[in-house]
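Colleague: Take this structure first; my questions come after.
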Amino acid sequence: MTFAKPCSTPIDTSNNGDVSTPFEDPILYRSVVGALLYATIIRPDVAFAVNKAFQHMQATTKIHWTAVKRILRYLQGTLGYSLQFKHTSPLQIQAFSDADRAGDLTGGMSVFLGPNLISWCSRKQKTVSRCT
């Protein structure tokens with residue numbers, strides 16, 4: 001991958017190739033996607049693409065392998081990108097959640113270690129409570 005041509009996005013939304021041709025080395029696919037899961041710790045910009053690749057572990061095709069190679073090419077072209085953590089004393093953990101129950105269909109939470117965001121999630125709620 002040293003001489004791979006970098007790309008500007010980690011996922012290609014216009015790729016409509018043949019999804020029926022199985023990939024010949026599924027162990028290689030699982031190994032690379034497993035390694036990419038660790039990259040999402042410091043590179044959350046590839047988390048969605050890696051998640052999509054992870055969903056095809058059991059029935060891997062050549063189009064899925066092409067998508068994984070695109071993620072690797074994106075990482076190659078953006079090696080200087082990473083999360084920066086600021087050190088403060090003392091480190092405190094703070095968590096915040098969305099407590100709005102007035103008809104909002106999305107909910108979320110975030111966790112900070114000092115001034116650093118270390119975890120977050122946002123999801124669409126299945127039901128919304130109208131009274132508390």
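Each chain of the structure tokens is named A, B, ... in the order shown, its residues numbered from 1; ligands are numbered from 1 in display order.
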Give the strand (DSSP E or B) residues of chain A, as DSSP finds them on the backbone, and put them as a VMD selection string.
Modeller: chain A and resid 22 61 93 to 97 106 to 113 116 to 124
Colleague: For A:Leu28, work out the shell of residues within 12 Å, counting only C-alpha atoms and skipping chain neighbours fewer than 6 positions away, then give it as a list in words.
Modeller: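 Those residues are Gly34, Ala35, Met57, Thr60, Trp65, Val68 and Lys69 of chain A.
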Colleague: Output N, CA, C and O atoms of each residue in that selection to a file, as a PDB file, in the first residue's frame.
Modeller:
ATOM      1  N   GLY A  34     -10.516  -6.511  10.687  1.00  0.00           N
ATOM      2  CA  GLY A  34     -10.258  -6.543  12.127  1.00  0.00           C
ATOM      3  C   GLY A  34      -9.208  -5.523  12.534  1.00  0.00           C
ATOM      4  O   GLY A  34      -9.334  -4.843  13.556  1.00  0.00           O
ATOM      5  N   ALA A  35      -8.168  -5.380  11.724  1.00  0.00           N
ATOM      6  CA  ALA A  35      -7.141  -4.377  12.006  1.00  0.00           C
ATOM      7  C   ALA A  35      -7.699  -2.968  11.841  1.00  0.00           C
ATOM      8  O   ALA A  35      -7.343  -2.052  12.594  1.00  0.00           O
ATOM      9  N   MET A  57     -18.610  -9.787   6.730  1.00  0.00           N
ATOM     10  CA  MET A  57     -17.572 -10.764   7.097  1.00  0.00           C
ATOM     11  C   MET A  57     -17.914 -12.183   6.650  1.00  0.00           C
ATOM     12  O   MET A  57     -17.039 -12.939   6.295  1.00  0.00           O
ATOM     13  N   THR A  60     -18.233 -12.512   1.913  1.00  0.00           N
ATOM     14  CA  THR A  60     -17.355 -11.516   1.311  1.00  0.00           C
ATOM     15  C   THR A  60     -17.287 -11.698  -0.199  1.00  0.00           C
ATOM     16  O   THR A  60     -17.110 -12.804  -0.699  1.00  0.00           O
ATOM     17  N   TRP A  65     -14.063  -6.369  -0.990  1.00  0.00           N
ATOM     18  CA  TRP A  65     -12.615  -6.233  -0.886  1.00  0.00           C
ATOM     19  C   TRP A  65     -12.152  -4.916  -1.513  1.00  0.00           C
ATOM     20  O   TRP A  65     -11.258  -4.249  -0.988  1.00  0.00           O
ATOM     21  N   VAL A  68     -12.730  -2.234   1.021  1.00  0.00           N
ATOM     22  CA  VAL A  68     -11.714  -2.257   2.090  1.00  0.00           C
ATOM     23  C   VAL A  68     -10.412  -1.640   1.584  1.00  0.00           C
ATOM     24  O   VAL A  68      -9.765  -0.858   2.305  1.00  0.00           O
ATOM     25  N   LYS A  69     -10.039  -1.941   0.360  1.00  0.00           N
ATOM     26  CA  LYS A  69      -8.824  -1.330  -0.192  1.00  0.00           C
ATOM     27  C   LYS A  69      -8.976   0.177  -0.312  1.00  0.00           C
ATOM     28  O   LYS A  69      -8.016   0.921  -0.114  1.00  0.00           O
TER      29      LYS A  69
END
Colleague: Do a neighbour search on A:Ala95 at 7 Å with only C-alpha atoms, toss out local chain neighbours closer than 3 positions, and write the hits as a ChimeraX atom specification.
Modeller: /A:110-112
Colleague: Using C-alpha atoms, can you export the residues from the last selection as a PDB file, in the first residue's frame?
Modeller:
ATOM      1  CA  SER A 110     -21.228  12.046  25.078  1.00  0.00           C
ATOM      2  CA  VAL A 111     -18.407  11.227  27.497  1.00  0.00           C
ATOM      3  CA  PHE A 112     -15.445  13.509  28.133  1.00  0.00           C
TER       4      PHE A 112
END
Colleague: If we count only C-alpha atoms and set the cut-off at 9 Å, which residues sit around stretch 72-75 of chain A, ignoring sequence neighbours fewer than 4 positions away in its own chain? Please answer as a PyMOL selection string.
Modeller: chain A and resi 1+4-11+36+43+46+67-68+79+81
Colleague: Mind giving me the straight-line distance from atom CA of A:Ile71 to atom CA of A:Glu24 in Å, one decimal?
Modeller: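 So the two atoms, atom CA of A:Ile71 and atom CA of A:Glu24, lie 19.4 Å apart.
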Colleague: For each of A:Tyr38, A:Gly77, A:Thr66, A:Pro22, take the minimum atom-to-atom distance to A:Phe3, counting only C-alpha atoms, then give the residue where this is smallest.
Modeller: A:Gly77
Colleague: Within 9 Å of A:Ser20, counting only C-alpha atoms, which residues show up once you throw out same-chain ones fewer than 5 positions away? Write them as a VMD selection string, please.
Modeller: chain A and resid 61 to 63
Colleague: Would you save the residues from that selection as a PDB file, in the first residue's frame, using all heavy atoms?
Modeller:
ATOM      1  N   THR A  61     -17.419 -10.590  -0.931  1.00  0.00           N
ATOM      2  CA  THR A  61     -17.297 -10.616  -2.384  1.00  0.00           C
ATOM      3  C   THR A  61     -16.155  -9.686  -2.804  1.00  0.00           C
ATOM      4  O   THR A  61     -15.595  -8.962  -1.986  1.00  0.00           O
ATOM      5  CB  THR A  61     -18.605 -10.163  -3.056  1.00  0.00           C
ATOM      6  OG1 THR A  61     -18.859  -8.808  -2.705  1.00  0.00           O
ATOM      7  CG2 THR A  61     -19.777 -11.037  -2.639  1.00  0.00           C
ATOM      8  N   LYS A  62     -15.840  -9.710  -4.074  1.00  0.00           N
ATOM      9  CA  LYS A  62     -14.755  -8.866  -4.584  1.00  0.00           C
ATOM     10  C   LYS A  62     -15.075  -7.380  -4.437  1.00  0.00           C
ATOM     11  O   LYS A  62     -14.177  -6.574  -4.217  1.00  0.00           O
ATOM     12  CB  LYS A  62     -14.458  -9.208  -6.049  1.00  0.00           C
ATOM     13  CG  LYS A  62     -13.791 -10.555  -6.197  1.00  0.00           C
ATOM     14  CD  LYS A  62     -13.398 -10.829  -7.627  1.00  0.00           C
ATOM     15  CE  LYS A  62     -12.701 -12.178  -7.710  1.00  0.00           C
ATOM     16  NZ  LYS A  62     -12.244 -12.479  -9.065  1.00  0.00           N
ATOM     17  N   ILE A  63     -16.331  -7.010  -4.540  1.00  0.00           N
ATOM     18  CA  ILE A  63     -16.711  -5.603  -4.385  1.00  0.00           C
ATOM     19  C   ILE A  63     -16.460  -5.138  -2.951  1.00  0.00           C
ATOM     20  O   ILE A  63     -16.073  -3.998  -2.708  1.00  0.00           O
ATOM     21  CB  ILE A  63     -18.168  -5.367  -4.820  1.00  0.00           C
ATOM     22  CG1 ILE A  63     -18.416  -3.897  -5.073  1.00  0.00           C
ATOM     23  CG2 ILE A  63     -19.155  -5.848  -3.837  1.00  0.00           C
ATOM     24  CD1 ILE A  63     -18.193  -3.503  -6.473  1.00  0.00           C
TER      25      ILE A  63
END
Colleague: Could you pull out all residues of chain A with a DSSP call of helix (DSSP H, G or I) and give them as a ChimeraX atom specification?
Modeller: /A:26-42,44-54,62-77
Colleague: Set the distance at 7 Å and use only C-alpha atoms: which residues neighbour A:Phe85 once local chain neighbours fewer than 2 positions away are removed? I'd like the list as a list in words.
Modeller: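 The neighbour list is Leu83, His87 and Asn116 of chain A.
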Colleague: Could you state the separation of atom CA of A:Ala49 and atom CA of A:Arg70 in Å, given to one decimal place?
Modeller: 9.5 Å
Colleague: Considering only C-alpha atoms, return as a PDB file with C-alpha atoms, in the first residue's frame whatever protein or nucleic-acid residues lie within 9 Å of A:Gly114, sequence-local ones (same chain, fewer than 3 positions apart) excluded.
Modeller:
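Saved result, part38.pdb, follows:
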ATOM      1  CA  LYS A  86      -5.032  17.534  25.808  1.00  0.00           C
ATOM      2  CA  HIS A  87      -3.598  16.680  29.218  1.00  0.00           C
ATOM      3  CA  THR A  88      -5.120  18.471  32.161  1.00  0.00           C
ATOM      4  CA  SER A  89      -4.821  17.860  35.880  1.00  0.00           C
ATOM      5  CA  PRO A  90      -6.820  16.353  37.416  1.00  0.00           C
ATOM      6  CA  LEU A  91      -8.538  14.290  34.722  1.00  0.00           C
ATOM      7  CA  GLN A  92     -12.271  14.095  35.328  1.00  0.00           C
ATOM      8  CA  ILE A  93     -14.818  11.989  33.502  1.00  0.00           C
ATOM      9  CA  GLN A  94     -17.999  13.841  32.563  1.00  0.00           C
ATOM     10  CA  LEU A 117     -14.367  13.723  23.876  1.00  0.00           C
TER      11      LEU A 117
END
Colleague: Nearest to A:His64 among A:Ile42, A:Val33, A:Met109, A:Cys121, with distances taken over only C-alpha atoms: which residue is it?
Modeller: A:Val33
Colleague: Rank A:Asn51, A:Val32, A:Pro44, A:Asp25 by their smallest atom-to-atom distance to A:Ile118, using only C-alpha atoms, and report the top residue only.
Modeller: A:Pro44
